[in-house]
file input_30.pdb (PDB, C-alpha atoms, pLDDT in the B column)
ATOM      1  CA  MET A   1     120.258  63.095  27.284  1.00 43.00           C
ATOM      2  CA  MET A   2     117.880  61.869  30.023  1.00 39.00           C
ATOM      3  CA  ASN A   3     115.373  59.271  28.838  1.00 42.00           C
ATOM      4  CA  ILE A   4     112.020  60.389  30.285  1.00 37.00           C
ATOM      5  CA  LEU A   5     110.504  56.958  29.560  1.00 38.00           C
ATOM      6  CA  HIS A   6     112.807  55.495  32.176  1.00 40.00           C
ATOM      7  CA  TYR A   7     111.093  57.606  34.840  1.00 36.00           C
ATOM      8  CA  LYS A   8     107.489  56.931  33.835  1.00 42.00           C
ATOM      9  CA  PRO A   9     106.885  54.505  36.729  1.00 44.00           C
ATOM     10  CA  LEU A  10     108.229  57.012  39.221  1.00 39.00           C
ATOM     11  CA  LEU A  11     106.142  59.820  37.722  1.00 38.00           C
ATOM     12  CA  SER A  12     103.072  57.628  37.878  1.00 44.00           C
ATOM     13  CA  THR A  13     103.620  56.972  41.571  1.00 42.00           C
ATOM     14  CA  ILE A  14     104.248  60.659  42.271  1.00 37.00           C
ATOM     15  CA  GLY A  15     101.067  61.409  40.352  1.00 43.00           C
ATOM     16  CA  GLY A  16      99.203  59.127  42.706  1.00 44.00           C
ATOM     17  CA  LEU A  17     100.605  61.005  45.693  1.00 38.00           C
ATOM     18  CA  ALA A  18      99.686  64.343  44.144  1.00 38.00           C
ATOM     19  CA  MET A  19      96.161  63.117  43.530  1.00 40.00           C
ATOM     20  CA  LEU A  20      95.856  62.057  47.148  1.00 39.00           C
ATOM     21  CA  PHE A  21      96.933  65.392  48.579  1.00 37.00           C
ATOM     22  CA  SER A  22      95.254  67.616  45.988  1.00 38.00           C
ATOM     23  CA  THR A  23      91.981  65.797  46.455  1.00 40.00           C
ATOM     24  CA  GLY A  24      92.344  66.006  50.236  1.00 41.00           C
ATOM     25  CA  THR A  25      90.974  63.748  52.910  1.00 44.00           C
ATOM     26  CA  ALA A  26      87.322  64.714  52.634  1.00 46.00           C
ATOM     27  CA  TYR A  27      86.004  63.668  56.028  1.00 50.00           C
ATOM     28  CA  SER A  28      82.293  63.086  56.257  1.00 57.00           C
ATOM     29  CA  ALA A  29      80.403  65.621  58.325  1.00 78.00           C
ATOM     30  CA  SER A  30      79.824  64.874  62.003  1.00 90.00           C
ATOM     31  CA  THR A  31      79.010  67.655  64.474  1.00 94.00           C
ATOM     32  CA  ALA A  32      78.329  67.981  68.189  1.00 96.00           C
ATOM     33  CA  THR A  33      77.537  71.043  70.309  1.00 97.00           C
ATOM     34  CA  ALA A  34      77.050  71.433  74.057  1.00 98.00           C
ATOM     35  CA  LEU A  35      76.038  74.852  75.385  1.00 98.00           C
ATOM     36  CA  ILE A  36      75.088  76.082  78.858  1.00 98.00           C
ATOM     37  CA  ASP A  37      73.191  79.375  78.778  1.00 98.00           C
ATOM     38  CA  TRP A  38      74.940  81.123  81.649  1.00 98.00           C
ATOM     39  CA  SER A  39      72.598  84.111  81.399  1.00 97.00           C
ATOM     40  CA  THR A  40      69.918  81.801  82.880  1.00 98.00           C
ATOM     41  CA  PHE A  41      72.153  80.482  85.669  1.00 98.00           C
ATOM     42  CA  THR A  42      70.568  80.878  89.119  1.00 97.00           C
ATOM     43  CA  ILE A  43      71.228  79.767  92.685  1.00 97.00           C
ATOM     44  CA  THR A  44      68.137  79.504  94.858  1.00 97.00           C
ATOM     45  CA  ALA A  45      68.181  79.077  98.642  1.00 95.00           C
ATOM     46  CA  ILE A  46      65.291  76.967  99.955  1.00 94.00           C
ATOM     47  CA  ASN A  47      64.045  76.919 103.526  1.00 93.00           C
ATOM     48  CA  LEU A  48      63.868  73.426 105.013  1.00 89.00           C
ATOM     49  CA  GLY A  49      62.316  74.694 108.237  1.00 88.00           C
ATOM     50  CA  ILE A  50      65.540  75.926 109.781  1.00 81.00           C
ATOM     51  CA  GLY A  51      65.964  79.203 107.877  1.00 85.00           C
ATOM     52  CA  LEU A  52      67.543  80.195 104.574  1.00 92.00           C
ATOM     53  CA  PRO A  53      71.224  79.563 103.832  1.00 94.00           C
ATOM     54  CA  THR A  54      73.313  82.361 102.372  1.00 95.00           C
ATOM     55  CA  TYR A  55      76.562  82.077 100.451  1.00 96.00           C
ATOM     56  CA  THR A  56      79.615  84.065  99.449  1.00 96.00           C
ATOM     57  CA  LEU A  57      81.258  83.301  96.099  1.00 95.00           C
ATOM     58  CA  SER A  58      85.038  83.405  95.764  1.00 88.00           C
ATOM     59  CA  ASP A  59      87.835  82.001  93.592  1.00 92.00           C
ATOM     60  CA  GLU A  60      85.979  82.082  90.265  1.00 95.00           C
ATOM     61  CA  SER A  61      87.685  80.435  87.289  1.00 96.00           C
ATOM     62  CA  SER A  62      86.970  79.375  83.710  1.00 97.00           C
ATOM     63  CA  ALA A  63      88.957  77.176  81.321  1.00 97.00           C
ATOM     64  CA  VAL A  64      88.573  75.974  77.732  1.00 97.00           C
ATOM     65  CA  TYR A  65      90.365  73.330  75.686  1.00 96.00           C
ATOM     66  CA  SER A  66      90.277  72.209  72.063  1.00 94.00           C
ATOM     67  CA  LEU A  67      92.999  69.781  70.934  1.00 83.00           C
ATOM     68  CA  ALA A  68      96.262  71.642  71.621  1.00 81.00           C
ATOM     69  CA  GLU A  69      94.603  75.048  72.157  1.00 91.00           C
ATOM     70  CA  THR A  70      93.795  76.236  75.704  1.00 95.00           C
ATOM     71  CA  ASP A  71      92.710  79.414  77.465  1.00 96.00           C
ATOM     72  CA  SER A  72      91.684  80.328  81.009  1.00 97.00           C
ATOM     73  CA  ALA A  73      90.564  83.187  83.243  1.00 96.00           C
ATOM     74  CA  TYR A  74      90.136  83.758  86.982  1.00 96.00           C
ATOM     75  CA  ASP A  75      86.558  84.982  86.736  1.00 96.00           C
ATOM     76  CA  TRP A  76      83.174  84.153  85.171  1.00 96.00           C
ATOM     77  CA  THR A  77      82.910  87.206  82.905  1.00 95.00           C
ATOM     78  CA  SER A  78      86.024  87.268  80.704  1.00 96.00           C
ATOM     79  CA  SER A  79      85.694  85.953  77.144  1.00 97.00           C
ATOM     80  CA  ILE A  80      88.062  83.048  76.512  1.00 97.00           C
ATOM     81  CA  VAL A  81      88.345  80.886  73.387  1.00 97.00           C
ATOM     82  CA  ALA A  82      90.222  77.767  72.285  1.00 96.00           C
ATOM     83  CA  ASN A  83      89.796  77.353  68.535  1.00 93.00           C
ATOM     84  CA  SER A  84      91.406  74.439  66.687  1.00 89.00           C
ATOM     85  CA  ALA A  85      90.864  73.260  63.119  1.00 83.00           C
ATOM     86  CA  ASP A  86      87.672  71.324  63.894  1.00 88.00           C
ATOM     87  CA  GLY A  87      86.917  72.182  67.507  1.00 93.00           C
ATOM     88  CA  LEU A  88      85.808  75.312  69.354  1.00 96.00           C
ATOM     89  CA  ALA A  89      85.496  75.865  73.100  1.00 97.00           C
ATOM     90  CA  SER A  90      84.480  79.203  74.594  1.00 97.00           C
ATOM     91  CA  ALA A  91      83.255  80.793  77.804  1.00 97.00           C
ATOM     92  CA  ASP A  92      82.026  84.276  78.667  1.00 97.00           C
ATOM     93  CA  GLU A  93      79.479  85.903  80.929  1.00 96.00           C
ATOM     94  CA  ASP A  94      76.582  84.569  78.813  1.00 97.00           C
ATOM     95  CA  SER A  95      77.532  80.992  77.930  1.00 97.00           C
ATOM     96  CA  ILE A  96      79.801  77.975  78.180  1.00 98.00           C
ATOM     97  CA  ASN A  97      80.150  76.290  74.800  1.00 98.00           C
ATOM     98  CA  ALA A  98      81.915  73.317  73.209  1.00 97.00           C
ATOM     99  CA  THR A  99      81.598  72.485  69.503  1.00 97.00           C
ATOM    100  CA  SER A 100      83.259  69.603  67.652  1.00 95.00           C
ATOM    101  CA  THR A 101      83.281  68.668  63.953  1.00 92.00           C
ATOM    102  CA  ASN A 102      84.846  65.860  61.938  1.00 87.00           C
ATOM    103  CA  GLY A 103      86.894  64.037  64.538  1.00 87.00           C
ATOM    104  CA  SER A 104      87.813  66.462  67.333  1.00 91.00           C
ATOM    105  CA  PHE A 105      87.189  67.198  70.999  1.00 94.00           C
ATOM    106  CA  ALA A 106      86.260  70.440  72.765  1.00 96.00           C
ATOM    107  CA  TRP A 107      85.733  71.138  76.466  1.00 97.00           C
ATOM    108  CA  ALA A 108      84.771  74.193  78.561  1.00 98.00           C
ATOM    109  CA  GLU A 109      84.441  74.443  82.337  1.00 97.00           C
ATOM    110  CA  ARG A 110      83.606  76.990  85.015  1.00 97.00           C
ATOM    111  CA  GLU A 111      84.222  76.638  88.772  1.00 97.00           C
ATOM    112  CA  GLY A 112      83.687  78.639  91.934  1.00 97.00           C
ATOM    113  CA  ILE A 113      84.020  78.241  95.695  1.00 98.00           C
ATOM    114  CA  PHE A 114      81.146  79.173  98.003  1.00 97.00           C
ATOM    115  CA  THR A 115      81.277  79.743 101.756  1.00 97.00           C
ATOM    116  CA  ILE A 116      77.951  78.914 103.422  1.00 97.00           C
ATOM    117  CA  SER A 117      76.210  80.643 106.314  1.00 96.00           C
ATOM    118  CA  GLY A 118      73.114  79.028 107.816  1.00 94.00           C
ATOM    119  CA  SER A 119      71.527  75.756 106.758  1.00 94.00           C
ATOM    120  CA  GLY A 120      69.062  74.708 104.086  1.00 94.00           C
ATOM    121  CA  LEU A 121      68.907  73.630 100.449  1.00 95.00           C
ATOM    122  CA  LEU A 122      70.792  75.224  97.534  1.00 96.00           C
ATOM    123  CA  LEU A 123      69.404  74.746  94.030  1.00 97.00           C
ATOM    124  CA  PHE A 124      71.663  75.431  91.014  1.00 98.00           C
ATOM    125  CA  GLN A 125      69.918  75.743  87.623  1.00 98.00           C
ATOM    126  CA  ALA A 126      70.626  76.786  84.024  1.00 98.00           C
ATOM    127  CA  ASP A 127      69.169  76.195  80.570  1.00 98.00           C
ATOM    128  CA  TYR A 128      71.184  74.202  78.064  1.00 98.00           C
ATOM    129  CA  ALA A 129      71.189  73.010  74.449  1.00 98.00           C
ATOM    130  CA  LEU A 130      72.705  69.828  73.041  1.00 98.00           C
ATOM    131  CA  SER A 131      72.878  68.775  69.393  1.00 97.00           C
ATOM    132  CA  VAL A 132      74.578  65.945  67.488  1.00 96.00           C
ATOM    133  CA  ALA A 133      74.511  64.952  63.825  1.00 94.00           C
ATOM    134  CA  THR A 134      76.166  62.415  61.534  1.00 91.00           C
ATOM    135  CA  ASP A 135      75.750  61.700  57.821  1.00 86.00           C
ATOM    136  CA  THR A 136      77.324  58.236  57.534  1.00 85.00           C
ATOM    137  CA  ILE A 137      76.930  55.098  59.630  1.00 84.00           C
ATOM    138  CA  ASN A 138      80.643  55.166  60.505  1.00 83.00           C
ATOM    139  CA  ASP A 139      80.465  58.605  62.176  1.00 88.00           C
ATOM    140  CA  TYR A 140      79.927  59.223  65.880  1.00 91.00           C
ATOM    141  CA  ALA A 141      79.000  62.380  67.779  1.00 94.00           C
ATOM    142  CA  SER A 142      78.340  63.084  71.448  1.00 95.00           C
ATOM    143  CA  ALA A 143      77.547  66.192  73.518  1.00 97.00           C
ATOM    144  CA  HIS A 144      77.624  66.331  77.308  1.00 98.00           C
ATOM    145  CA  ILE A 145      76.997  68.892  80.052  1.00 98.00           C
ATOM    146  CA  GLU A 146      77.400  68.513  83.794  1.00 98.00           C
ATOM    147  CA  PHE A 147      76.943  70.282  87.126  1.00 98.00           C
ATOM    148  CA  PHE A 148      79.157  68.952  89.909  1.00 98.00           C
ATOM    149  CA  ALA A 149      79.691  69.967  93.521  1.00 98.00           C
ATOM    150  CA  GLU A 150      81.834  68.997  96.473  1.00 97.00           C
ATOM    151  CA  THR A 151      80.844  70.085  99.978  1.00 97.00           C
ATOM    152  CA  GLU A 152      83.428  70.161 102.741  1.00 96.00           C
ATOM    153  CA  SER A 153      82.227  70.165 106.340  1.00 93.00           C
ATOM    154  CA  ASP A 154      83.406  69.113 109.797  1.00 90.00           C
ATOM    155  CA  THR A 155      82.201  65.579 109.060  1.00 90.00           C
ATOM    156  CA  GLY A 156      84.020  65.167 105.726  1.00 94.00           C
ATOM    157  CA  PHE A 157      83.188  65.506 102.032  1.00 97.00           C
ATOM    158  CA  GLU A 158      80.042  64.922  99.994  1.00 96.00           C
ATOM    159  CA  TYR A 159      79.832  64.820  96.180  1.00 97.00           C
ATOM    160  CA  TYR A 160      76.913  65.640  93.886  1.00 98.00           C
ATOM    161  CA  PHE A 161      76.451  65.406  90.107  1.00 97.00           C
ATOM    162  CA  SER A 162      73.793  66.236  87.540  1.00 98.00           C
ATOM    163  CA  ILE A 163      74.412  65.211  83.930  1.00 98.00           C
ATOM    164  CA  SER A 164      72.722  65.445  80.563  1.00 97.00           C
ATOM    165  CA  ASP A 165      74.131  63.984  77.352  1.00 96.00           C
ATOM    166  CA  LEU A 166      73.177  63.254  73.783  1.00 95.00           C
ATOM    167  CA  TYR A 167      74.869  60.920  71.303  1.00 92.00           C
ATOM    168  CA  THR A 168      74.312  59.203  67.998  1.00 90.00           C
ATOM    169  CA  GLU A 169      73.667  55.484  67.932  1.00 76.00           C
ATOM    170  CA  ASN A 170      76.169  53.153  66.307  1.00 71.00           C
ATOM    171  CA  ASN A 171      75.499  52.352  62.629  1.00 69.00           C
ATOM    172  CA  LEU A 172      72.768  54.984  62.345  1.00 77.00           C
ATOM    173  CA  VAL A 173      72.751  58.295  60.489  1.00 83.00           C
ATOM    174  CA  SER A 174      70.971  60.740  62.776  1.00 84.00           C
ATOM    175  CA  SER A 175      70.441  64.339  63.855  1.00 91.00           C
ATOM    176  CA  LEU A 176      69.290  64.946  67.434  1.00 94.00           C
ATOM    177  CA  GLU A 177      68.650  67.977  69.656  1.00 96.00           C
ATOM    178  CA  LYS A 178      67.832  68.523  73.317  1.00 96.00           C
ATOM    179  CA  ASN A 179      66.916  71.856  74.935  1.00 97.00           C
ATOM    180  CA  LYS A 180      66.137  71.708  78.644  1.00 97.00           C
ATOM    181  CA  SER A 181      67.147  72.964  82.081  1.00 98.00           C
ATOM    182  CA  LEU A 182      69.780  71.287  84.245  1.00 98.00           C
ATOM    183  CA  SER A 183      69.391  71.314  88.037  1.00 98.00           C
ATOM    184  CA  LEU A 184      71.500  70.273  90.998  1.00 98.00           C
ATOM    185  CA  ALA A 185      70.249  70.559  94.594  1.00 97.00           C
ATOM    186  CA  PHE A 186      71.819  69.543  97.914  1.00 96.00           C
ATOM    187  CA  VAL A 187      71.685  70.382 101.598  1.00 94.00           C
ATOM    188  CA  VAL A 188      74.274  72.764 103.055  1.00 95.00           C
ATOM    189  CA  ASN A 189      75.082  73.648 106.628  1.00 94.00           C
ATOM    190  CA  ASP A 190      76.653  76.599 108.378  1.00 95.00           C
ATOM    191  CA  GLY A 191      80.382  76.783 107.722  1.00 95.00           C
ATOM    192  CA  ASP A 192      80.377  74.435 104.707  1.00 97.00           C
ATOM    193  CA  ILE A 193      82.715  75.078 101.801  1.00 97.00           C
ATOM    194  CA  VAL A 194      81.117  74.247  98.426  1.00 98.00           C
ATOM    195  CA  ARG A 195      83.186  73.789  95.278  1.00 98.00           C
ATOM    196  CA  PHE A 196      80.759  74.040  92.367  1.00 98.00           C
ATOM    197  CA  GLY A 197      81.469  73.573  88.670  1.00 98.00           C
ATOM    198  CA  ALA A 198      79.732  73.426  85.309  1.00 98.00           C
ATOM    199  CA  SER A 199      81.195  71.867  82.179  1.00 98.00           C
ATOM    200  CA  ALA A 200      80.337  71.296  78.535  1.00 98.00           C
ATOM    201  CA  ASN A 201      82.140  68.966  76.151  1.00 97.00           C
ATOM    202  CA  ALA A 202      81.659  67.731  72.602  1.00 97.00           C
ATOM    203  CA  TYR A 203      83.292  64.869  70.702  1.00 95.00           C
ATOM    204  CA  THR A 204      83.093  63.610  67.137  1.00 93.00           C
ATOM    205  CA  SER A 205      84.714  60.751  65.253  1.00 87.00           C
ATOM    206  CA  SER A 206      84.879  60.431  61.470  1.00 71.00           C
ATOM    207  CA  PRO A 207      86.942  57.784  59.665  1.00 63.00           C
ATOM    208  CA  VAL A 208      89.335  58.575  56.824  1.00 53.00           C
ATOM    209  CA  PRO A 209      87.461  57.941  53.561  1.00 52.00           C
ATOM    210  CA  VAL A 210      88.408  54.905  51.469  1.00 45.00           C
ATOM    211  CA  PRO A 211      88.275  56.431  47.942  1.00 48.00           C
ATOM    212  CA  ALA A 212      91.365  58.607  48.381  1.00 45.00           C
ATOM    213  CA  ALA A 213      93.404  55.633  49.568  1.00 45.00           C
ATOM    214  CA  VAL A 214      92.099  53.547  46.674  1.00 41.00           C
ATOM    215  CA  TRP A 215      93.221  56.195  44.175  1.00 36.00           C
ATOM    216  CA  PHE A 216      96.644  56.384  45.768  1.00 43.00           C
ATOM    217  CA  PHE A 217      97.331  52.665  45.849  1.00 44.00           C
ATOM    218  CA  GLY A 218      95.865  52.231  42.383  1.00 43.00           C
ATOM    219  CA  SER A 219      98.247  54.822  40.964  1.00 42.00           C
ATOM    220  CA  ALA A 220     101.188  53.297  42.824  1.00 45.00           C
ATOM    221  CA  LEU A 221     100.285  49.842  41.508  1.00 42.00           C
ATOM    222  CA  ILE A 222     100.180  51.120  37.942  1.00 41.00           C
ATOM    223  CA  GLY A 223     103.600  52.662  38.474  1.00 45.00           C
ATOM    224  CA  LEU A 224     105.061  49.369  39.683  1.00 44.00           C
ATOM    225  CA  ILE A 225     103.564  47.503  36.711  1.00 41.00           C
ATOM    226  CA  GLY A 226     105.133  50.024  34.369  1.00 45.00           C
ATOM    227  CA  PHE A 227     108.483  49.621  36.125  1.00 40.00           C
ATOM    228  CA  ASN A 228     108.392  45.841  35.747  1.00 47.00           C
ATOM    229  CA  ASN A 229     107.499  46.139  32.068  1.00 47.00           C
ATOM    230  CA  HIS A 230     110.398  48.512  31.556  1.00 43.00           C
ATOM    231  CA  LYS A 231     112.820  46.069  33.228  1.00 44.00           C
ATOM    232  CA  ASN A 232     111.581  43.226  31.055  1.00 47.00           C
ATOM    233  CA  ASN A 233     112.068  45.285  27.911  1.00 46.00           C
ATOM    234  CA  VAL A 234     115.631  46.234  28.758  1.00 49.00           C
TER     235      VAL A 234
END
call {"tool": "encode", "arguments": {"input": "input_30.pdb", "output": "structure tokens"}}
result
Amino acid sequence: MMNILHYKPLLSTIGGLAMLFSTGTAYSASTATALIDWSTFTITAINLGIGLPTYTLSDESSAVYSLAETDSAYDWTSSIVANSADGLASADEDSINATSTNGSFAWAEREGIFTISGSGLLLFQADYALSVATDTINDYASAHIEFFAETESDTGFEYYFSISDLYTENNLVSSLEKNKSLSLAFVVNDGDIVRFGASANAYTSSPVPVPAAVWFFGSALIGLIGFNNHKNNV
């Protein structure tokens, strides 16, 4: 007949493992969201004294990414989503959004190519919302949006960027929000090719909590003590 007392140390250790997984790794809450309100997106041509430039949009594309999940579309109107356990990235005709919670990353981007006729200034604008929050000093959260453009002309390439970001400070518990309008303006000339893009990304970092590990190693230690006592009594 099997002596159950002989297996007490092993059962104790297994109990510690069960406690670890049944309790779960309860990450503290950190969140970050970056959203571009695409329904407010405008392109304004401005006369610099030499007439108004006009443009033709072609080669639209959108892409989203969250951990191992991805999606894409060759337009600015289709609804696409990448949804992982703690991250969500989406794009549709009304918004570009990235949301991260508890140690994840999410990213969404939209691009298009414009052919320019005439010369002048082009102004790209859209409203946006950023938010970040942490509830322990070990958490970190950041949200970031960006407009970027590359112009190709007979004289070469020019690059332009406009960025807004929001992040929690190290060793501080905080909750922050920013709601504004992002703008990017640059001069274009007849025949230029403009590659324009808008992106939103969100990142969070939350450490694995100590208590679960303490319970596990404590249970394992008790099991080893019991095993040594059993050997000494044999």
call {"tool": "atom_distance", "arguments": {"input": "input_30.pdb", "atom1": "CA of Glu93 in chain A", "atom2": "CA of Trp38 in chain A"}}
result
6.6 Å
call {"tool": "resolve_selection", "arguments": {"input": "input_30.pdb", "expression": "the PyMOL selection byres ((chain A and resi 73) around 10)", "output": "JSON, numbers by chain"}}
result
{"A": [60, 61, 62, 63, 64, 71, 72, 74, 75, 76, 77, 78, 79, 80, 91, 92, 110]}
call {"tool": "residues_around", "arguments": {"input": "input_30.pdb", "residues": "Val188 in chain A", "least_positions_apart": "5", "cutoff": "7 Å", "atoms": "all atoms listed in the file", "output": "ChimeraX atom specification"}}
result
/A:119-122
call {"tool": "resolve_selection", "arguments": {"input": "input_30.pdb", "expression": "the PyMOL selection byres ((chain A and resi 144) around 6)", "output": "PyMOL selection string"}}
result
chain A and resi 143+145+164-165+200-201
call {"tool": "closest_residue", "arguments": {"input": "input_30.pdb", "among": "A:Ser206, A:Thr40, A:Ser58, A:Thr99", "to": "Ile116 in chain A", "atoms": "all atoms listed in the file"}}
result
A:Ser58
call {"tool": "closest_residue", "arguments": {"input": "input_30.pdb", "among": "A:Asn189, A:Ser153, A:Ser174, A:Ser90", "to": "Leu52 in chain A", "atoms": "all atoms listed in the file"}}
result
A:Asn189
call {"tool": "atom_distance", "arguments": {"input": "input_30.pdb", "atom1": "CA of Ile43 in chain A", "atom2": "CA of Phe186 in chain A"}}
result
11.5 Å
call {"tool": "residues_near_point", "arguments": {"input": "input_30.pdb", "point": "(81.0, 86.8, 100.1)", "cutoff": "9 Å", "atoms": "all atoms listed in the file", "output": "PyMOL selection string"}}
result
chain A and resi 55-58+114-115
call {"tool": "resolve_selection", "arguments": {"input": "input_30.pdb", "expression": "the PyMOL selection byres ((chain A and resi 131) around 6)", "output": "VMD selection string"}}
result
chain A and resid 32 to 33 130 132 176 to 177
call {"tool": "atom_distance", "arguments": {"input": "input_30.pdb", "atom1": "CA of Leu184 in chain A", "atom2": "CA of Phe124 in chain A"}}
result
5.2 Å
call {"tool": "residues_around", "arguments": {"input": "input_30.pdb", "residues": "Phe196 in chain A", "least_positions_apart": "6", "cutoff": "9 Å", "atoms": "all atoms listed in the file", "output": "PDB file with C-alpha atoms, in the frame of the given file"}}
result
ATOM      1  CA  ARG A 110      83.606  76.990  85.015  1.00 97.00           C
ATOM      2  CA  GLU A 111      84.222  76.638  88.772  1.00 97.00           C
ATOM      3  CA  GLY A 112      83.687  78.639  91.934  1.00 97.00           C
ATOM      4  CA  ILE A 113      84.020  78.241  95.695  1.00 98.00           C
ATOM      5  CA  PHE A 114      81.146  79.173  98.003  1.00 97.00           C
ATOM      6  CA  PHE A 147      76.943  70.282  87.126  1.00 98.00           C
ATOM      7  CA  PHE A 148      79.157  68.952  89.909  1.00 98.00           C
ATOM      8  CA  ALA A 149      79.691  69.967  93.521  1.00 98.00           C
ATOM      9  CA  GLU A 150      81.834  68.997  96.473  1.00 97.00           C
ATOM     10  CA  THR A 151      80.844  70.085  99.978  1.00 97.00           C
TER      11      THR A 151
END
